[in-house]
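Engineer: Here you go, one structure.
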Amino acid sequence: MINPSDKRGSVGVIGSVGDDCYGQTYYDLLDQENIKPIFEKFPDNNTAICGVFCHGRDSGHVTDFGASFKISDEFVDANWDKIKGAQLVFTELFIIKHKRDTVFKLAELGSQDEKIFGFNLPSYFFIENYFDDIKSLIEYGDVIFVNAEESIFFAKMNGLETNDFGLISEFIAKYPKKNPLKKRTVVITCGPNPAYCCEYDHISNEISFNGTFEPDTVEEDDIIDTNAAGDAFAGGFLSQYMPGKPLNECMKAGHWAAALVIQRRGCQYPVDCEFGKNWIFS
């Protein structure tokens with residue numbers, strides 16, 4: 001959903017893998033998408049894998065994190081020149097359990113005026129057990145995604161007892177900001193129901209954008225697998241957010257990408273994935 005000829009559209013992934021077929025598959029798939037893998041390899045550990053179980057069109061996961069927690073400080077430091085050039089630093093937060101210092105180092109990098117720091121709020125377990133760290137990371141956050149259930153849980157942990165996603169998105173958006181020169185955008189995705197987007201300006205102390213957005217309509221018989229819908233939404237959103245498109249266009253792109261992936265088996269995309277094109281799925 002980004003133009004590969006535009007250098008702003010180049011993407012890389014930093015992490016750690018095992019010396020096995022799954023690690024090689026990861027390399028190969030990223031290469032097909034022109035995504036730069038920056039992986040530390042651990043021969044004595046397996047690459048992280050995830051078993052997906054489906055019931056009808058719903059899915060769940062059983063995950064073996066494998067080598068994904070093993071990335072060393074030395075490897076991060078050795079590749080820091082590649083990382084620090086990024087305009088967007090986007091991370092998963094489950095690694096705070098093992099690599100807290102690395103996450104906060106990335107957050108500090110992303111707090112610079114010309115950069116964007118973003119993440120998905122993690123699962124209940126991590127919100128509950130690493131609550132203080134997550135609150136601190138939100139202060140660095142410029143763009144934050146969270147699903148409906150986890151947003152309610154996070155709000156409750158903060159003493160906000162509500163199922164009103166508009167209120168929750170505003171509450172998170174108004175969290176204190178390490179760099180108030182950059183606005184914070186919070187998106188709450190709600191599956192087949194409207195998603196919420198709130199942007200807050202910490203200089204003016206005003207909400208600069210607030211809205212709800214209906215997802216793209218996908219007929220029930222066309223839904224194959226909801227796996228990866230949330231991550232697809234985030235990727236689609238960011239593909240338009242980074243070039244500076246209006247937030248309503250970013251939300252449209254997120255819904256488009258999510259609608260695309262749920263009509264395919266697993267986390268798969270067509271080779272030609274041009275946003276805005278009329279798709280016929282088979």
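Letters A, B, ... mark the chains of the structure tokens in the order given; residue numbers begin at 1 per chain; ligand numbers begin at 1, in order shown.
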Hey, what's within 10 Å of Glu149 of chain A if we count only C-alpha atoms and toss same-chain stuff fewer than 4 positions away? As an mmCIF file with all heavy atoms, in the first residue's frame, please?
Structural biologist:
data_model
loop_
_atom_site.group_PDB
_atom_site.id
_atom_site.type_symbol
_atom_site.label_atom_id
_atom_site.label_comp_id
_atom_site.auth_asym_id
_atom_site.auth_seq_id
_atom_site.Cartn_x
_atom_site.Cartn_y
_atom_site.Cartn_z
ATOM 1 N N SER A 123 -1.782 -7.689 25.031
ATOM 2 C CA SER A 123 -2.892 -8.460 25.596
ATOM 3 C C SER A 123 -3.098 -8.149 27.070
ATOM 4 O O SER A 123 -2.302 -7.469 27.714
ATOM 5 C CB SER A 123 -2.619 -9.956 25.430
ATOM 6 O OG SER A 123 -1.489 -10.323 26.219
ATOM 7 N N TYR A 124 -4.221 -8.680 27.604
ATOM 8 C CA TYR A 124 -4.574 -8.466 29.012
ATOM 9 C C TYR A 124 -3.408 -8.782 29.948
ATOM 10 O O TYR A 124 -3.147 -8.043 30.894
ATOM 11 C CB TYR A 124 -5.756 -9.358 29.414
ATOM 12 C CG TYR A 124 -7.012 -9.175 28.618
ATOM 13 C CD1 TYR A 124 -7.603 -10.252 27.969
ATOM 14 C CD2 TYR A 124 -7.623 -7.931 28.524
ATOM 15 C CE1 TYR A 124 -8.772 -10.094 27.239
ATOM 16 C CE2 TYR A 124 -8.785 -7.765 27.803
ATOM 17 C CZ TYR A 124 -9.360 -8.849 27.162
ATOM 18 O OH TYR A 124 -10.507 -8.688 26.448
ATOM 19 N N PHE A 153 -10.310 -2.979 29.078
ATOM 20 C CA PHE A 153 -9.498 -3.496 30.178
ATOM 21 C C PHE A 153 -8.478 -2.454 30.633
ATOM 22 O O PHE A 153 -8.287 -2.229 31.838
ATOM 23 C CB PHE A 153 -8.792 -4.779 29.752
ATOM 24 C CG PHE A 153 -8.029 -5.457 30.855
ATOM 25 C CD1 PHE A 153 -8.687 -6.177 31.833
ATOM 26 C CD2 PHE A 153 -6.644 -5.374 30.915
ATOM 27 C CE1 PHE A 153 -7.998 -6.805 32.859
ATOM 28 C CE2 PHE A 153 -5.937 -5.988 31.930
ATOM 29 C CZ PHE A 153 -6.610 -6.711 32.905
ATOM 30 N N PHE A 154 -7.838 -1.794 29.676
ATOM 31 C CA PHE A 154 -6.855 -0.769 30.017
ATOM 32 C C PHE A 154 -7.514 0.397 30.753
ATOM 33 O O PHE A 154 -6.975 0.908 31.742
ATOM 34 C CB PHE A 154 -6.142 -0.269 28.766
ATOM 35 C CG PHE A 154 -5.112 0.791 29.041
ATOM 36 C CD1 PHE A 154 -3.879 0.452 29.574
ATOM 37 C CD2 PHE A 154 -5.385 2.121 28.779
ATOM 38 C CE1 PHE A 154 -2.921 1.421 29.836
ATOM 39 C CE2 PHE A 154 -4.436 3.102 29.044
ATOM 40 C CZ PHE A 154 -3.202 2.750 29.579
ATOM 41 N N ASN A 163 -17.663 1.439 28.797
ATOM 42 C CA ASN A 163 -17.575 0.738 27.519
ATOM 43 C C ASN A 163 -17.702 1.713 26.348
ATOM 44 O O ASN A 163 -17.878 1.299 25.212
ATOM 45 C CB ASN A 163 -18.672 -0.328 27.408
ATOM 46 C CG ASN A 163 -18.450 -1.477 28.370
ATOM 47 O OD1 ASN A 163 -17.423 -1.549 29.049
ATOM 48 N ND2 ASN A 163 -19.410 -2.373 28.447
ATOM 49 N N PHE A 165 -16.237 3.740 23.754
ATOM 50 C CA PHE A 165 -14.936 3.782 23.092
ATOM 51 C C PHE A 165 -14.512 5.199 22.740
ATOM 52 O O PHE A 165 -13.312 5.490 22.655
ATOM 53 C CB PHE A 165 -14.948 2.890 21.846
ATOM 54 C CG PHE A 165 -15.209 1.450 22.160
ATOM 55 C CD1 PHE A 165 -16.344 0.821 21.676
ATOM 56 C CD2 PHE A 165 -14.330 0.735 22.957
ATOM 57 C CE1 PHE A 165 -16.587 -0.514 21.962
ATOM 58 C CE2 PHE A 165 -14.568 -0.598 23.252
ATOM 59 C CZ PHE A 165 -15.704 -1.222 22.762
ATOM 60 N N ILE A 188 -9.071 2.878 18.132
ATOM 61 C CA ILE A 188 -9.658 1.678 18.736
ATOM 62 C C ILE A 188 -10.440 0.951 17.651
ATOM 63 O O ILE A 188 -11.389 1.502 17.082
ATOM 64 C CB ILE A 188 -10.583 2.025 19.914
ATOM 65 C CG1 ILE A 188 -9.799 2.757 21.002
ATOM 66 C CG2 ILE A 188 -11.223 0.765 20.485
ATOM 67 C CD1 ILE A 188 -10.649 3.188 22.196
ATOM 68 N N THR A 189 -10.009 -0.266 17.342
ATOM 69 C CA THR A 189 -10.706 -1.072 16.344
ATOM 70 C C THR A 189 -11.723 -1.969 17.036
ATOM 71 O O THR A 189 -11.470 -2.481 18.127
ATOM 72 C CB THR A 189 -9.725 -1.921 15.536
ATOM 73 O OG1 THR A 189 -8.930 -2.720 16.423
ATOM 74 C CG2 THR A 189 -8.790 -1.030 14.718
ATOM 75 N N CYS A 190 -12.861 -2.146 16.387
ATOM 76 C CA CYS A 190 -13.976 -2.863 17.018
ATOM 77 C C CYS A 190 -14.543 -3.931 16.103
ATOM 78 O O CYS A 190 -15.771 -4.131 16.045
ATOM 79 C CB CYS A 190 -15.057 -1.868 17.424
ATOM 80 S SG CYS A 190 -14.519 -0.580 18.571
#
Engineer: Excluding segment 198-202 of chain A and its own-chain neighbours fewer than 6 positions away, which residues fall within 12 Å of it when counting only C-alpha atoms? Please give them as a ChimeraX atom specification.
Structural biologist: /A:139,141-145,165-189,208-213,246-248,251
Engineer: Can you pull out the residues contacting Leu106 of chain A? Cut-off 9 Å, using only C-alpha atoms, and skip same-chain residues under 6 positions away; I want them as number ranges by chain.
Structural biologist: A: 83-84, 89-91, 117
Engineer: Take the residues from that selection and write them out as a short mmCIF file (atom, residue, chain, number, x, y, z; two decimals), in the first residue's frame, keeping N, CA, C and O atoms.
Structural biologist:
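The result, stored in again31.cif:
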data_model
loop_
_atom_site.label_atom_id
_atom_site.label_comp_id
_atom_site.auth_asym_id
_atom_site.auth_seq_id
_atom_site.Cartn_x
_atom_site.Cartn_y
_atom_site.Cartn_z
N ILE A 83 18.70 1.74 12.35
CA ILE A 83 17.46 2.00 13.06
C ILE A 83 17.20 3.49 13.20
O ILE A 83 16.07 3.96 12.99
N LYS A 84 18.22 4.24 13.54
CA LYS A 84 18.01 5.65 13.87
C LYS A 84 17.62 6.49 12.66
O LYS A 84 17.16 7.63 12.82
N VAL A 89 9.15 4.43 14.11
CA VAL A 89 9.60 3.31 14.94
C VAL A 89 8.34 2.68 15.53
O VAL A 89 7.64 3.30 16.33
N PHE A 90 8.04 1.46 15.11
CA PHE A 90 6.81 0.79 15.54
C PHE A 90 7.18 -0.55 16.16
O PHE A 90 7.92 -1.33 15.55
N THR A 91 6.70 -0.81 17.36
CA THR A 91 7.13 -2.02 18.07
C THR A 91 5.96 -2.75 18.69
O THR A 91 4.93 -2.15 19.02
N PHE A 117 6.70 7.50 16.94
CA PHE A 117 6.78 6.27 17.72
C PHE A 117 5.38 5.70 17.89
O PHE A 117 4.46 6.41 18.29
#
Engineer: Mind running segment 97-201 of chain A against segment 48-66 of chain A at 12 Å and telling me each contacting residue's nearest atom pair with the distance in Å (one decimal), counting only C-alpha atoms, chain and number ascending, as a Markdown table?
Structural biologist:
| residue | atom | partner | partner_atom | distance |
| --- | --- | --- | --- | --- |
| A:Lys97 | CA | A:Phe65 | CA | 11.8 |
| A:His98 | CA | A:Phe65 | CA | 11.4 |
| A:Gly191 | CA | A:Asp58 | CA | 11.3 |
Engineer: Apply DSSP to the structure's backbone, then extract all residues of segment 80-269 of chain A labelled strand (DSSP E or B) and return them as a ChimeraX atom specification.
Structural biologist: /A:88-91,116-120,143-147,184-190,193-201,206-213
Engineer: Go ahead and write the residues just picked, C-alpha atoms, as a PDB file, in the first residue's frame.
Structural biologist:
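Output file again_23.pdb is given in full below:
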ATOM      1  CA  LEU A  88       8.596   5.583  12.070  1.00  0.00           C
ATOM      2  CA  VAL A  89       9.602   3.309  14.937  1.00  0.00           C
ATOM      3  CA  PHE A  90       6.806   0.786  15.540  1.00  0.00           C
ATOM      4  CA  THR A  91       7.129  -2.015  18.068  1.00  0.00           C
ATOM      5  CA  ILE A 116       7.006   8.894  14.977  1.00  0.00           C
ATOM      6  CA  PHE A 117       6.782   6.267  17.718  1.00  0.00           C
ATOM      7  CA  GLY A 118       3.902   3.817  17.637  1.00  0.00           C
ATOM      8  CA  PHE A 119       2.694   0.473  18.949  1.00  0.00           C
ATOM      9  CA  ASN A 120      -0.272  -1.778  19.586  1.00  0.00           C
ATOM     10  CA  VAL A 143       0.136   6.683  17.223  1.00  0.00           C
ATOM     11  CA  ILE A 144      -1.405   3.883  19.274  1.00  0.00           C
ATOM     12  CA  PHE A 145      -3.708   1.060  18.209  1.00  0.00           C
ATOM     13  CA  VAL A 146      -5.845  -1.007  20.572  1.00  0.00           C
ATOM     14  CA  ASN A 147      -8.743  -3.383  20.044  1.00  0.00           C
ATOM     15  CA  ARG A 184      -1.020  11.784  19.656  1.00  0.00           C
ATOM     16  CA  THR A 185      -3.431   9.680  17.614  1.00  0.00           C
ATOM     17  CA  VAL A 186      -5.321   6.782  19.211  1.00  0.00           C
ATOM     18  CA  VAL A 187      -7.307   4.243  17.193  1.00  0.00           C
ATOM     19  CA  ILE A 188      -9.658   1.678  18.736  1.00  0.00           C
ATOM     20  CA  THR A 189     -10.706  -1.072  16.344  1.00  0.00           C
ATOM     21  CA  CYS A 190     -13.976  -2.863  17.018  1.00  0.00           C
ATOM     22  CA  ASN A 193     -18.429  -2.320  14.357  1.00  0.00           C
ATOM     23  CA  PRO A 194     -17.252   1.260  13.816  1.00  0.00           C
ATOM     24  CA  ALA A 195     -13.662   2.105  14.767  1.00  0.00           C
ATOM     25  CA  TYR A 196     -12.786   5.187  16.782  1.00  0.00           C
ATOM     26  CA  CYS A 197     -10.030   7.682  16.101  1.00  0.00           C
ATOM     27  CA  CYS A 198      -8.993  10.547  18.350  1.00  0.00           C
ATOM     28  CA  GLU A 199      -6.109  12.973  17.893  1.00  0.00           C
ATOM     29  CA  TYR A 200      -5.047  15.275  20.729  1.00  0.00           C
ATOM     30  CA  ASP A 201      -2.875  18.384  20.630  1.00  0.00           C
ATOM     31  CA  GLU A 206      -7.562  20.415  22.454  1.00  0.00           C
ATOM     32  CA  ILE A 207      -8.900  17.440  20.528  1.00  0.00           C
ATOM     33  CA  SER A 208      -7.839  18.133  16.953  1.00  0.00           C
ATOM     34  CA  PHE A 209      -9.675  15.184  15.402  1.00  0.00           C
ATOM     35  CA  ASN A 210     -12.378  12.841  16.586  1.00  0.00           C
ATOM     36  CA  GLY A 211     -14.521  10.459  14.616  1.00  0.00           C
ATOM     37  CA  THR A 212     -16.038   7.022  14.134  1.00  0.00           C
ATOM     38  CA  PHE A 213     -15.566   5.021  10.962  1.00  0.00           C
TER      39      PHE A 213
END
Engineer: So which residues touch Ala253 of chain A within 10 Å, counting only C-alpha atoms, skipping near sequence neighbours fewer than 4 positions away, as a CSV table (one decimal) with C-alpha atoms, in the first residue's frame?
Structural biologist:
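Saved file result-v1.csv follows:
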chain,number,residue,atom,x,y,z
A,1,MET,CA,0.0,0.0,0.0
A,216,ASP,CA,-15.8,-1.9,4.8
A,232,ALA,CA,-3.6,-5.3,8.7
A,233,PHE,CA,-5.6,-2.4,9.9
A,234,ALA,CA,-2.6,-0.8,11.6
A,235,GLY,CA,-0.4,-1.4,8.5
A,236,GLY,CA,-3.0,0.1,6.2
A,237,PHE,CA,-3.5,3.1,8.4
A,238,LEU,CA,0.3,3.7,8.7
A,239,SER,CA,0.8,3.5,5.0
A,240,GLN,CA,-1.2,6.7,4.6
A,241,TYR,CA,-0.3,8.3,7.9
A,247,LEU,CA,-6.8,10.9,9.3
A,248,ASN,CA,-10.1,10.0,7.7
A,249,GLU,CA,-8.1,8.7,4.7
A,257,ALA,CA,-6.6,-3.6,4.4
A,258,ALA,CA,-8.5,-5.4,7.2
A,259,ALA,CA,-11.3,-6.2,4.7
A,275,PHE,CA,-5.0,0.8,-2.1
A,276,GLY,CA,-8.2,2.1,-3.6
Engineer: If you measure from atom CA of Ala148 of chain A to atom CA of Gly110 of chain A, what distance in Å do you get, rounded to one decimal?
Structural biologist: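 Between atom CA of Ala148 of chain A and atom CA of Gly110 of chain A the gap is 25.6 Å.
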Engineer: May I ask for the distance between atom CA of Glu92 of chain A and atom CA of Pro122 of chain A, given in Å to one decimal place?
Structural biologist: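 Separation of atom CA of Glu92 of chain A and atom CA of Pro122 of chain A: 7.5 Å.
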Engineer: Find the distance between atom CA of Asp19 of chain A and atom CA of Lys70 of chain A and write it in Å to one decimal.
Structural biologist: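 Separation of atom CA of Asp19 of chain A and atom CA of Lys70 of chain A: 12.9 Å.
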Engineer: Show me, as a PDB file with C-alpha atoms, in the first residue's frame, the residues that have an atom within 12 Å of segment 222-224 of chain A when counting only C-alpha atoms, minus same-chain residues fewer than 2 positions from it.
Structural biologist:
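And here is the file that came out, result.pdb:
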ATOM      1  CA  CYS A  54     -10.125 -21.690  13.977  1.00  0.00           C
ATOM      2  CA  HIS A  55     -13.742 -22.122  14.945  1.00  0.00           C
ATOM      3  CA  GLY A  56     -15.893 -21.072  12.049  1.00  0.00           C
ATOM      4  CA  ARG A  57     -14.451 -17.698  11.074  1.00  0.00           C
ATOM      5  CA  ASP A  58     -12.989 -16.913  14.489  1.00  0.00           C
ATOM      6  CA  SER A  59      -9.422 -17.749  15.412  1.00  0.00           C
ATOM      7  CA  PRO A 192     -17.324  -5.402  12.387  1.00  0.00           C
ATOM      8  CA  THR A 217     -18.727  -4.250   4.222  1.00  0.00           C
ATOM      9  CA  VAL A 218     -17.690  -7.849   3.655  1.00  0.00           C
ATOM     10  CA  GLU A 219     -20.404 -10.427   3.132  1.00  0.00           C
ATOM     11  CA  GLU A 220     -20.310 -13.166   5.764  1.00  0.00           C
ATOM     12  CA  THR A 226     -10.101 -13.099  10.627  1.00  0.00           C
ATOM     13  CA  ASN A 227      -6.481 -13.805  11.570  1.00  0.00           C
ATOM     14  CA  ALA A 228      -4.267 -10.694  11.111  1.00  0.00           C
ATOM     15  CA  ALA A 229      -7.189  -8.271  10.696  1.00  0.00           C
ATOM     16  CA  ALA A 258      -8.488  -5.420   7.159  1.00  0.00           C
ATOM     17  CA  ALA A 259     -11.317  -6.222   4.742  1.00  0.00           C
ATOM     18  CA  LEU A 260      -8.751  -7.496   2.263  1.00  0.00           C
ATOM     19  CA  VAL A 261      -6.995  -9.886   4.634  1.00  0.00           C
ATOM     20  CA  ILE A 262     -10.120 -11.476   6.138  1.00  0.00           C
ATOM     21  CA  GLN A 263     -11.083 -12.649   2.654  1.00  0.00           C
ATOM     22  CA  ARG A 264      -7.877 -14.651   2.357  1.00  0.00           C
ATOM     23  CA  ARG A 265      -6.403 -17.648   4.161  1.00  0.00           C
ATOM     24  CA  GLY A 266      -4.025 -16.544   6.902  1.00  0.00           C
ATOM     25  CA  CYS A 267      -1.968 -13.362   6.706  1.00  0.00           C
ATOM     26  CA  GLN A 268      -1.710 -13.278   2.925  1.00  0.00           C
ATOM     27  CA  ILE A 280     -12.573  -9.132  -6.979  1.00  0.00           C
ATOM     28  CA  PHE A 281     -11.618 -11.950  -4.629  1.00  0.00           C
ATOM     29  CA  SER A 282     -11.400 -15.597  -5.538  1.00  0.00           C
TER      30      SER A 282
END
Engineer: Quick one: residues within 12 Å of Cys21 of chain A, only C-alpha atoms, excluding same-chain residues fewer than 2 positions away - as a PyMOL selection string?
Structural biologist: chain A and resi 17-19+23-28+43+45-49
Engineer: Restricting the output to all heavy atoms, write the selected residues as a short mmCIF file (atom, residue, chain, number, x, y, z; two decimals), in the first residue's frame.
Structural biologist:
data_model
loop_
_atom_site.label_atom_id
_atom_site.label_comp_id
_atom_site.auth_asym_id
_atom_site.auth_seq_id
_atom_site.Cartn_x
_atom_site.Cartn_y
_atom_site.Cartn_z
N VAL A 17 15.85 -14.54 15.31
CA VAL A 17 15.28 -15.79 14.81
C VAL A 17 16.22 -16.95 15.14
O VAL A 17 17.38 -16.75 15.51
CB VAL A 17 15.06 -15.74 13.28
CG1 VAL A 17 14.05 -14.66 12.91
CG2 VAL A 17 16.37 -15.52 12.54
N GLY A 18 15.70 -18.15 14.99
CA GLY A 18 16.53 -19.33 15.10
C GLY A 18 17.14 -19.69 13.75
O GLY A 18 16.78 -19.13 12.72
N ASP A 19 18.07 -20.62 13.78
CA ASP A 19 18.70 -21.10 12.54
C ASP A 19 17.92 -22.31 12.07
O ASP A 19 18.35 -23.46 12.23
CB ASP A 19 20.17 -21.43 12.79
CG ASP A 19 20.92 -21.76 11.51
OD1 ASP A 19 20.33 -21.58 10.42
OD2 ASP A 19 22.08 -22.21 11.60
N GLY A 23 12.90 -19.53 10.25
CA GLY A 23 13.66 -18.30 10.10
C GLY A 23 13.93 -17.99 8.64
O GLY A 23 13.82 -16.84 8.20
N GLN A 24 14.28 -19.02 7.86
CA GLN A 24 14.53 -18.81 6.44
C GLN A 24 13.25 -18.40 5.71
O GLN A 24 13.28 -17.54 4.82
CB GLN A 24 15.10 -20.09 5.81
CG GLN A 24 15.56 -19.91 4.38
CD GLN A 24 16.64 -18.84 4.25
OE1 GLN A 24 17.64 -18.87 4.96
NE2 GLN A 24 16.44 -17.89 3.34
N THR A 25 12.13 -19.00 6.09
CA THR A 25 10.85 -18.61 5.50
C THR A 25 10.56 -17.13 5.77
O THR A 25 10.09 -16.40 4.89
CB THR A 25 9.71 -19.47 6.06
OG1 THR A 25 9.94 -20.84 5.69
CG2 THR A 25 8.36 -19.03 5.53
N TYR A 26 10.86 -16.71 7.00
CA TYR A 26 10.66 -15.30 7.38
C TYR A 26 11.50 -14.39 6.48
O TYR A 26 11.00 -13.40 5.91
CB TYR A 26 11.05 -15.13 8.84
CG TYR A 26 10.46 -13.95 9.55
CD1 TYR A 26 10.70 -13.77 10.92
CD2 TYR A 26 9.69 -12.99 8.90
CE1 TYR A 26 10.17 -12.69 11.61
CE2 TYR A 26 9.16 -11.90 9.57
CZ TYR A 26 9.41 -11.75 10.92
OH TYR A 26 8.91 -10.69 11.60
N TYR A 27 12.77 -14.74 6.32
CA TYR A 27 13.64 -13.98 5.43
C TYR A 27 13.04 -13.90 4.02
O TYR A 27 12.97 -12.83 3.41
CB TYR A 27 15.02 -14.64 5.33
CG TYR A 27 16.01 -14.25 6.40
CD1 TYR A 27 16.28 -15.12 7.46
CD2 TYR A 27 16.71 -13.04 6.34
CE1 TYR A 27 17.21 -14.78 8.44
CE2 TYR A 27 17.63 -12.70 7.32
CZ TYR A 27 17.88 -13.58 8.36
OH TYR A 27 18.80 -13.24 9.32
N ASP A 28 12.64 -15.06 3.50
CA ASP A 28 12.18 -15.13 2.11
C ASP A 28 10.91 -14.31 1.90
O ASP A 28 10.77 -13.61 0.88
CB ASP A 28 11.94 -16.59 1.71
CG ASP A 28 13.22 -17.41 1.67
OD1 ASP A 28 14.32 -16.81 1.64
OD2 ASP A 28 13.12 -18.66 1.70
N PRO A 43 21.43 -20.09 16.74
CA PRO A 43 21.39 -21.48 16.28
C PRO A 43 20.77 -22.44 17.29
O PRO A 43 20.22 -23.48 16.90
CB PRO A 43 22.87 -21.82 16.04
CG PRO A 43 23.54 -20.50 15.84
CD PRO A 43 22.80 -19.54 16.72
N ASN A 45 18.21 -21.92 19.27
CA ASN A 45 16.80 -21.63 19.54
C ASN A 45 16.00 -21.71 18.25
O ASN A 45 16.52 -21.46 17.17
CB ASN A 45 16.64 -20.23 20.14
CG ASN A 45 17.21 -20.13 21.54
OD1 ASN A 45 18.37 -19.80 21.73
ND2 ASN A 45 16.39 -20.43 22.53
N ASN A 46 14.74 -22.05 18.39
CA ASN A 46 13.86 -22.06 17.23
C ASN A 46 13.30 -20.65 16.98
O ASN A 46 13.18 -19.83 17.88
CB ASN A 46 12.69 -23.04 17.42
CG ASN A 46 11.80 -22.65 18.58
OD1 ASN A 46 12.15 -22.88 19.74
ND2 ASN A 46 10.63 -22.07 18.30
N THR A 47 12.97 -20.40 15.73
CA THR A 47 12.26 -19.18 15.38
C THR A 47 10.88 -19.21 16.01
O THR A 47 10.26 -20.27 16.12
CB THR A 47 12.15 -19.06 13.85
OG1 THR A 47 13.47 -19.04 13.30
CG2 THR A 47 11.40 -17.81 13.44
N ALA A 48 10.40 -18.06 16.46
CA ALA A 48 9.06 -18.00 17.04
C ALA A 48 8.02 -18.51 16.04
O ALA A 48 8.07 -18.19 14.85
CB ALA A 48 8.73 -16.56 17.45
N ILE A 49 7.12 -19.32 16.52
CA ILE A 49 6.04 -19.85 15.69
C ILE A 49 4.72 -19.72 16.43
O ILE A 49 4.68 -19.59 17.66
CB ILE A 49 6.28 -21.33 15.29
CG1 ILE A 49 6.51 -22.19 16.53
CG2 ILE A 49 7.45 -21.43 14.32
CD1 ILE A 49 6.67 -23.68 16.22
#
Engineer: Give the helix (DSSP H, G or I) residues of segment 66-268 of chain A, as DSSP finds them on the backbone, and put them as an MDAnalysis selection string.
Structural biologist: chainID A and resid 66:69 73:78 80:84 96:110 124:129 131:140 148:157 165:173 220:222 229:241 247:261
Engineer: Nearest to Tyr140 of chain A: which of A:Glu108, A:Glu128, A:Asp20, A:Glu114 is it, counting only C-alpha atoms?
Structural biologist: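 Comparing A:Glu108, A:Glu128, A:Asp20, A:Glu114 against Tyr140 of chain A, the winner is A:Glu108.
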